[in-house]
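Peer 1: Dumping the structure here so I can ask a few things about it.
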Amino acid sequence: MCGIVGYIGRRQAYPILINGLKRLEYRGYDSAGIAIVTDQGIKVFKKKGKVSDLEAETKHLNIQGTIGIGHTRWATHGEPNDQNAHPHTSQNGLFTLIHNGIIENYNHLKKFLIEKGYTFKSDTDTEVLVNLIEYIYLEGETDAELAVRLALSKVIGAYAIVVLAENEPDKLIAARKSSPLVIGLGRNEYFIASDATPIVEHTDKVIYLNNDNIAILKEDELILKTLDNKKLKPDIQKIDFDIQAIEKNGFDHFMLKEIFEQPEALHNTMRGRIAPDFSSIRLGGLLDVMDKILNAKRLIIVGCGTSWHAGLVGEYLIENLARIPVEVEYGSEFRYRNPIIYKDDIVIAISQSGETADTLEAVKLAKEKGATVLGICNVVGSSIPRETHAGVYTHAGPEIGVASTKAFTAQVTVLTMMALMLGYEKEVLPYGRFKKLTQELYHIPEKLQKILDQNEYIKQLAEKYQTASNFLYLGRGYLYPVALEGALKLKEISYIHAEGYPAAEMKHGPIALIDENMPVVFLATKDKIYEKVISNIKEVKARHGKVIAIVTEGDEIASKLADHIIEIPEVPEELTPLLAVVPLQLLAYHAAVLRGNDVDQPRNLAKSVTVE
């Protein structure tokens with residue numbers, strides 16, 4: 001959830017670290033810090049708040065040094081303050097460390113160290129680890145690398161760490177377990193980061209560390225090995241990453257930019273996968289496991305947050321079009337409820353970042369049970385694609401805004417292609433209908449543009465309701481998960497309490513909330529249960545509720561009932577989630593901006609949730 005950046009080379013480290021931390025701000029954080037090897041030893045600067053606060057405090061200090069580490073922290077152990085911010089330094093100043101993840105047995109280790117005479121300045125598990133490294137280093141009279149390896153052998157939990165050693169100031173030591181870490185290769189220089197965003201402006205060659213890997217980096221040398229000291233050959237990969245993709249490019253916020261990027265993102269998701277004559281869909285990442293998928297008696301979709309909502313849409317699509325039973329599980333619940341998993345089950349893990357800790361642990365459990373595990377992810381080279389047997393990249397491009405937008409529609413697009421392909425291959429979806437739906441799917445991007453053209457109108461709606469305390473979002477069928485996603489977006493960035501329900505469930509409790517102060521967003525497009533939703537709208541209006549309805553173009557019935565409407569182009573009902581969610585994204589965005597909130601970095605949230 002936090003951000004890591006490190007540098008070793010011939011350039012000054014300070015500007016590289018500060019700019020790298022700015023690139024990582026999208027991950028969510030509450031404090032920031034850097035440590036640089038100088039002529040006077042390792043100097044640490046850290047501060048609660050934004051990277052800009054850290055920069056303001058340090059930019060006039062003329063901090064010279066070509067080796068350093070930086071960190072943005074999202075609080076887990078201890079409140080956000082200067083003491084708990086990273087980097088952390090050991091009691092005797094011999095080691096300085098930054099850390100993503102959680103040390104689960106930190107309390108046991110802390111008691112041991114206190115018995116050995118160590119005292120602690122912070123509430124963090126990270127300070128425990130850096131002191132453990134120092135204790136082993138002093139007691140064993142060993143070198144820094146061995147001290148790190150021995151300390152990590154005693155750790156239970158998840159970590160990505162980068163270490164500076166006072167007595168070995170010419171190197172960085174990095175290691176990972178269940179938390180991402182990537183090394184960028186330059187000319188006589190190396191970069192370390194928790195993801196590729198701080199690296200891409202410097203190099204396109206990277207090494208993704210695997211679990212239980214440790215890297216020792218000097219200016220002109222990289223040694224990669226396992227924690228039990230077996231040397232490894234680095235797997236150097238080239239990243240295809242346009243630096244412009246992580247710039248705002250004239251938009252006020254990354255979130256708005258990413259909402260407007262959805263036509264292009266979905267085109268990229270489908271590119272090369274749909275035949276020009278719409279006669280077939282080919283998902284190359286699934287070819288080796290297609291027989292298993294086609295013969296599966298059950299699919300289990302696992303995800304968290306927005307990805308879970310995409311999975312719910314996938315459940316409707318796959319069961320309807322391919323006639324395969326589907327269960328959708330929260331990643332955070334899946335591994336703890338002793339799930340029944342059969343060897344012929346197909347488990348599909350959905351994650352934008354590919355690093356979501358709960359989903360990643362669900363993947364590992366499913367593999368242990370013998371299931372075939374697939375991934376649907378956006379970030380190439382991330383942990384879930386590397387842990388799964390097969391999968392599909394969404395190719396939506398970098399998503400910087402914490403509140404996911406284009407990742408959701410790209411995930412739903414992949415699930416739609418999967419459902420169509422499986423239905424056709426299983427001969428339960430007639431060719432004519434398959435081809436028609438595939439053609440309609442291919443043209444979704446241009447229809448999305450018609451919704452984006454209503455941006456100013458949706459902003460005017462947001463102005464009317466920005467002061468509301470509560471919202472209800474109601475939909476049925478394919479649009480029930482969209483109601484959940486719309487409510488989540490409003491909660492995430494506007495901090496307005498919102499709940500999503502199946503529209504028919506309103507009568508079983510939520511209707512008690514309806515009065516003249518309650519805005520209710522209805523997803524009321526033309527489909528086979530349209531009349532049922534119209535009845536639900538009437539029930540709300542009878543109780544003086546304010547209705548905002550997402551309707552099909554030309555709808556006169558819902559238009560007369562609702563206080564406000566937002567029209568979307570007509571498409572087959574299977575494809576309505578891809579269109580209906582976009583006005584809800586814009587409504588949440590504008591409400592948040594009008595309320596003065598930090599849209600791209602909403603409070604308490606992180607982009608990549610890499611702790612359980």
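Simple scheme: letters A, B, ... for chains in structure tokens order, numbers from 1 for residues in each chain, numbers from 1 for ligands in the order shown.
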What lies within 10 Å of Glu333 of chain A using only C-alpha atoms, ignoring chain neighbours under 4 positions off, as number ranges by chain?
Peer 2: A: 302, 304, 329, 337-339, 358-359, 362
Peer 1: As a PyMOL selection string, please: the residues near Gly554 of chain A (cut-off 10 Å, only C-alpha atoms, same-chain neighbours under 2 positions excluded).
Peer 2: chain A and resi 551-552+556-559+567-570
Peer 1: Set the distance at 9 Å and use only C-alpha atoms: which residues neighbour Ala390 of chain A once local chain neighbours fewer than 2 positions away are removed? I'd like the list as a PyMOL selection string.
Peer 2: chain A and resi 285-289+372-375+385-388+392
Peer 1: Please provide as a PDB file with N, CA and C atoms, in the first residue's frame all residues within 12 Å of Ala396 of chain A, with the sequence filter that same-chain residues fewer than 6 positions apart are discarded (counting only C-alpha atoms).
Peer 2:
```
ATOM      1  N   PHE A 241       5.811   1.277 -21.518  1.00  0.00           N
ATOM      2  CA  PHE A 241       5.145   2.209 -20.614  1.00  0.00           C
ATOM      3  C   PHE A 241       5.401   3.618 -21.112  1.00  0.00           C
ATOM      4  N   ALA A 245       1.359   8.526 -20.027  1.00  0.00           N
ATOM      5  CA  ALA A 245       0.223   7.843 -19.420  1.00  0.00           C
ATOM      6  C   ALA A 245       0.121   8.125 -17.930  1.00  0.00           C
ATOM      7  N   GLU A 258      -8.844   9.486 -16.453  1.00  0.00           N
ATOM      8  CA  GLU A 258      -9.046   8.053 -16.648  1.00  0.00           C
ATOM      9  C   GLU A 258     -10.488   7.713 -17.007  1.00  0.00           C
ATOM     10  N   ILE A 259     -11.433   8.510 -16.513  1.00  0.00           N
ATOM     11  CA  ILE A 259     -12.816   8.336 -16.960  1.00  0.00           C
ATOM     12  C   ILE A 259     -12.912   8.612 -18.457  1.00  0.00           C
ATOM     13  N   GLU A 261     -10.541   8.403 -20.596  1.00  0.00           N
ATOM     14  CA  GLU A 261      -9.719   7.455 -21.348  1.00  0.00           C
ATOM     15  C   GLU A 261     -10.432   6.135 -21.625  1.00  0.00           C
ATOM     16  N   GLN A 262     -11.621   5.960 -21.090  1.00  0.00           N
ATOM     17  CA  GLN A 262     -12.270   4.653 -21.196  1.00  0.00           C
ATOM     18  C   GLN A 262     -12.548   4.199 -22.630  1.00  0.00           C
ATOM     19  N   PRO A 263     -12.951   5.061 -23.536  1.00  0.00           N
ATOM     20  CA  PRO A 263     -13.098   4.568 -24.918  1.00  0.00           C
ATOM     21  C   PRO A 263     -11.809   3.966 -25.461  1.00  0.00           C
ATOM     22  N   GLU A 264     -10.692   4.654 -25.244  1.00  0.00           N
ATOM     23  CA  GLU A 264      -9.409   4.134 -25.707  1.00  0.00           C
ATOM     24  C   GLU A 264      -9.005   2.879 -24.940  1.00  0.00           C
ATOM     25  N   ALA A 265      -9.239   2.892 -23.625  1.00  0.00           N
ATOM     26  CA  ALA A 265      -8.854   1.747 -22.803  1.00  0.00           C
ATOM     27  C   ALA A 265      -9.595   0.486 -23.232  1.00  0.00           C
ATOM     28  N   LEU A 266     -10.884   0.598 -23.495  1.00  0.00           N
ATOM     29  CA  LEU A 266     -11.657  -0.585 -23.903  1.00  0.00           C
ATOM     30  C   LEU A 266     -11.270  -1.037 -25.304  1.00  0.00           C
ATOM     31  N   HIS A 267     -10.953  -0.079 -26.163  1.00  0.00           N
ATOM     32  CA  HIS A 267     -10.445  -0.450 -27.486  1.00  0.00           C
ATOM     33  C   HIS A 267      -9.160  -1.252 -27.346  1.00  0.00           C
ATOM     34  N   ASN A 268      -8.269  -0.818 -26.458  1.00  0.00           N
ATOM     35  CA  ASN A 268      -7.019  -1.544 -26.247  1.00  0.00           C
ATOM     36  C   ASN A 268      -7.258  -2.915 -25.630  1.00  0.00           C
ATOM     37  N   THR A 269      -8.262  -3.009 -24.763  1.00  0.00           N
ATOM     38  CA  THR A 269      -8.592  -4.295 -24.150  1.00  0.00           C
ATOM     39  C   THR A 269      -9.056  -5.304 -25.199  1.00  0.00           C
ATOM     40  N   MET A 270      -9.782  -4.820 -26.199  1.00  0.00           N
ATOM     41  CA  MET A 270     -10.324  -5.727 -27.228  1.00  0.00           C
ATOM     42  C   MET A 270      -9.394  -5.910 -28.421  1.00  0.00           C
ATOM     43  N   ARG A 271      -8.424  -5.027 -28.573  1.00  0.00           N
ATOM     44  CA  ARG A 271      -7.577  -5.019 -29.765  1.00  0.00           C
ATOM     45  C   ARG A 271      -6.861  -6.355 -29.954  1.00  0.00           C
ATOM     46  N   GLN A 352      -6.797  -4.977 -10.329  1.00  0.00           N
ATOM     47  CA  GLN A 352      -6.182  -3.972 -11.189  1.00  0.00           C
ATOM     48  C   GLN A 352      -4.673  -4.029 -11.065  1.00  0.00           C
ATOM     49  N   SER A 353      -4.186  -3.963  -9.834  1.00  0.00           N
ATOM     50  CA  SER A 353      -2.749  -3.878  -9.603  1.00  0.00           C
ATOM     51  C   SER A 353      -2.043  -5.213  -9.754  1.00  0.00           C
ATOM     52  N   ILE A 376      -7.086 -11.947 -14.032  1.00  0.00           N
ATOM     53  CA  ILE A 376      -7.472 -10.814 -14.881  1.00  0.00           C
ATOM     54  C   ILE A 376      -6.870  -9.586 -14.212  1.00  0.00           C
ATOM     55  N   CYS A 377      -5.805  -9.042 -14.797  1.00  0.00           N
ATOM     56  CA  CYS A 377      -5.047  -7.955 -14.175  1.00  0.00           C
ATOM     57  C   CYS A 377      -4.677  -6.906 -15.213  1.00  0.00           C
ATOM     58  N   ASN A 378      -4.303  -5.744 -14.701  1.00  0.00           N
ATOM     59  CA  ASN A 378      -3.917  -4.645 -15.572  1.00  0.00           C
ATOM     60  C   ASN A 378      -2.402  -4.464 -15.635  1.00  0.00           C
ATOM     61  N   VAL A 379      -1.715  -4.738 -14.527  1.00  0.00           N
ATOM     62  CA  VAL A 379      -0.292  -4.427 -14.434  1.00  0.00           C
ATOM     63  C   VAL A 379       0.538  -5.636 -14.863  1.00  0.00           C
ATOM     64  N   VAL A 380       1.227  -5.494 -15.958  1.00  0.00           N
ATOM     65  CA  VAL A 380       2.069  -6.564 -16.492  1.00  0.00           C
ATOM     66  C   VAL A 380       3.219  -6.839 -15.533  1.00  0.00           C
ATOM     67  N   SER A 404     -11.053   3.469  -8.703  1.00  0.00           N
ATOM     68  CA  SER A 404     -10.905   2.791  -9.986  1.00  0.00           C
ATOM     69  C   SER A 404     -12.063   3.106 -10.929  1.00  0.00           C
ATOM     70  N   THR A 405     -11.727   3.386 -12.192  1.00  0.00           N
ATOM     71  CA  THR A 405     -12.747   3.700 -13.198  1.00  0.00           C
ATOM     72  C   THR A 405     -12.526   2.862 -14.454  1.00  0.00           C
ATOM     73  N   LYS A 406     -11.475   3.193 -15.211  1.00  0.00           N
ATOM     74  CA  LYS A 406     -11.257   2.460 -16.454  1.00  0.00           C
ATOM     75  C   LYS A 406     -10.856   1.018 -16.188  1.00  0.00           C
ATOM     76  N   ALA A 407     -10.290   0.732 -15.020  1.00  0.00           N
ATOM     77  CA  ALA A 407      -9.968  -0.661 -14.699  1.00  0.00           C
ATOM     78  C   ALA A 407     -11.240  -1.492 -14.599  1.00  0.00           C
ATOM     79  N   PHE A 408     -12.301  -0.914 -14.009  1.00  0.00           N
ATOM     80  CA  PHE A 408     -13.564  -1.635 -13.882  1.00  0.00           C
ATOM     81  C   PHE A 408     -14.148  -1.972 -15.248  1.00  0.00           C
ATOM     82  N   THR A 409     -14.242  -0.992 -16.129  1.00  0.00           N
ATOM     83  CA  THR A 409     -14.846  -1.257 -17.432  1.00  0.00           C
ATOM     84  C   THR A 409     -13.972  -2.192 -18.264  1.00  0.00           C
ATOM     85  N   ALA A 410     -12.659  -2.118 -18.086  1.00  0.00           N
ATOM     86  CA  ALA A 410     -11.773  -3.043 -18.801  1.00  0.00           C
ATOM     87  C   ALA A 410     -11.942  -4.464 -18.275  1.00  0.00           C
ATOM     88  N   GLN A 411     -12.066  -4.619 -16.962  1.00  0.00           N
ATOM     89  CA  GLN A 411     -12.309  -5.945 -16.388  1.00  0.00           C
ATOM     90  C   GLN A 411     -13.625  -6.526 -16.882  1.00  0.00           C
ATOM     91  N   VAL A 412     -14.664  -5.701 -16.900  1.00  0.00           N
ATOM     92  CA  VAL A 412     -15.964  -6.170 -17.385  1.00  0.00           C
ATOM     93  C   VAL A 412     -15.884  -6.529 -18.869  1.00  0.00           C
ATOM     94  N   THR A 413     -15.087  -5.785 -19.623  1.00  0.00           N
ATOM     95  CA  THR A 413     -14.910  -6.101 -21.046  1.00  0.00           C
ATOM     96  C   THR A 413     -14.264  -7.474 -21.222  1.00  0.00           C
ATOM     97  N   VAL A 414     -13.232  -7.755 -20.430  1.00  0.00           N
ATOM     98  CA  VAL A 414     -12.590  -9.074 -20.499  1.00  0.00           C
ATOM     99  C   VAL A 414     -13.580 -10.167 -20.121  1.00  0.00           C
TER     100      VAL A 414
END
```
Peer 1: Counting only C-alpha atoms, which of A:Phe191, A:Tyr478, A:Phe260, A:Phe45 gets nearest to Tyr589 of chain A?
Peer 2: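 Using only C-alpha atoms, Tyr589 of chain A sits closest to A:Phe260.
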Peer 1: Could you check the closest approach to Lys257 of chain A for each of A:Gly303, A:Val533, A:Leu586, A:Val547 and tell me which residue wins, using only C-alpha atoms?
Peer 2: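 Comparing A:Gly303, A:Val533, A:Leu586, A:Val547 against Lys257 of chain A, the winner is A:Leu586.
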Peer 1: Find the residues around Leu605 of chain A up to 10 Å (only C-alpha atoms counted), leave out those fewer than 5 positions away in its own chain, and share them as a short mmCIF file (atom, residue, chain, number, x, y, z; two decimals) with N, CA and C atoms, in the first residue's frame.
Peer 2:
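Written out: selection16.cif:
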```
data_model
loop_
_atom_site.label_atom_id
_atom_site.label_comp_id
_atom_site.auth_asym_id
_atom_site.auth_seq_id
_atom_site.Cartn_x
_atom_site.Cartn_y
_atom_site.Cartn_z
N MET A 1 0.84 -1.18 0.00
CA MET A 1 0.00 0.00 0.00
C MET A 1 0.88 1.24 0.00
N TYR A 26 -0.06 8.32 -5.87
CA TYR A 26 -1.37 7.74 -6.19
C TYR A 26 -1.67 6.51 -5.34
N ARG A 27 -0.66 5.87 -4.77
CA ARG A 27 -0.88 4.65 -4.00
C ARG A 27 -1.57 4.91 -2.68
N GLY A 28 -1.61 6.16 -2.25
CA GLY A 28 -2.20 6.51 -0.96
C GLY A 28 -1.15 6.47 0.14
N TYR A 29 -1.11 7.49 0.98
CA TYR A 29 -0.09 7.56 2.02
C TYR A 29 -0.42 8.67 2.99
N ASP A 30 0.28 8.67 4.14
CA ASP A 30 0.05 9.72 5.13
C ASP A 30 1.34 10.35 5.64
N TRP A 74 1.53 4.33 4.42
CA TRP A 74 0.10 4.25 4.74
C TRP A 74 0.00 3.51 6.06
N VAL A 402 -6.95 6.79 -7.21
CA VAL A 402 -7.23 5.70 -6.27
C VAL A 402 -8.58 5.06 -6.55
N ALA A 403 -9.58 5.86 -6.85
CA ALA A 403 -10.91 5.33 -7.17
C ALA A 403 -10.89 4.76 -8.59
N GLU A 492 -16.14 6.64 -1.81
CA GLU A 492 -14.68 6.73 -1.83
C GLU A 492 -14.16 8.15 -1.93
N ILE A 493 -14.77 8.94 -2.77
CA ILE A 493 -14.15 10.24 -3.06
C ILE A 493 -14.96 11.45 -2.59
#
```
Peer 1: Excluding Asp220 of chain A and residues on its chain fewer than 5 positions from it, collect all residues at most 8 Å away from it, counting only C-alpha atoms, and give them as a list of chain:residue names.
Peer 2: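 Counting only C-alpha atoms, the residues come to A:Gly9, A:Asn188, A:Glu189.
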Peer 1: With distances taken over only C-alpha atoms, which of A:Asn470, A:Gln449, A:Thr525, A:Thr66 is nearest to Ile8 of chain A?
Peer 2: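 That would be A:Thr66, the residue with the smallest distance to Ile8 of chain A.
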Peer 1: So, counting only C-alpha atoms, which residue among A:Ile384, A:Leu294, A:Ile400, A:Leu420 is closest to Ser178 of chain A?
Peer 2: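 Going through A:Ile384, A:Leu294, A:Ile400, A:Leu420 one by one, the smallest distance to Ser178 of chain A is for A:Ile384.
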Peer 1: What's around Glu79 of chain A at 10 Å? Count only C-alpha atoms, leave out sequence neighbours fewer than 3 positions away in its own chain, and write the answer as a count of residues only.
Peer 2: 12
Peer 1: Can you list every residue in segment 320-550 of chain A that DSSP puts in strand (DSSP E or B), as number ranges by chain?
Peer 2: A: 326-330, 346-351, 372-377, 390-393, 470-475, 497-502, 519-523, 546-550
Peer 1: Find the residue from A:Asn131, A:Tyr190, A:Glu531, A:Val206 that sits nearest to Ala13 of chain A; use only C-alpha atoms when measuring.
Peer 2: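 Ranked by minimum distance to Ala13 of chain A, first place goes to A:Tyr190.
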Peer 1: To one decimal place in Å, what is the distance between atom CA of Met255 of chain A and atom CA of Thr467 of chain A?
Peer 2: 21.1 Å
Peer 1: Can you tell me how far atom CA of Asp235 of chain A sits from atom CA of Gly391 of chain A, in Å to one decimal?
Peer 2: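 So the two atoms, atom CA of Asp235 of chain A and atom CA of Gly391 of chain A, lie 20.4 Å apart.
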Peer 1: Go ahead and compute the interatomic distance for atom CA of Glu456 of chain A and atom CA of Leu587 of chain A, in Å to one decimal.
Peer 2: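 According to the coordinates, atom CA of Glu456 of chain A and atom CA of Leu587 of chain A are separated by 10.3 Å.
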Peer 1: Counting only C-alpha atoms, which of A:His86, A:Lys248, A:His590, A:His309 gets nearest to Glu463 of chain A?
Peer 2: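 Of A:His86, A:Lys248, A:His590, A:His309, the one nearest Glu463 of chain A is A:His590, counting only C-alpha atoms.
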Peer 1: Using DSSP on the backbone coordinates, identify the residues of segment 280-393 of chain A assigned to alpha helix (DSSP H); present them as an NGL selection string.
Peer 2: :A and (290-294 or 306-322 or 331-334 or 357-368 or 383-387)
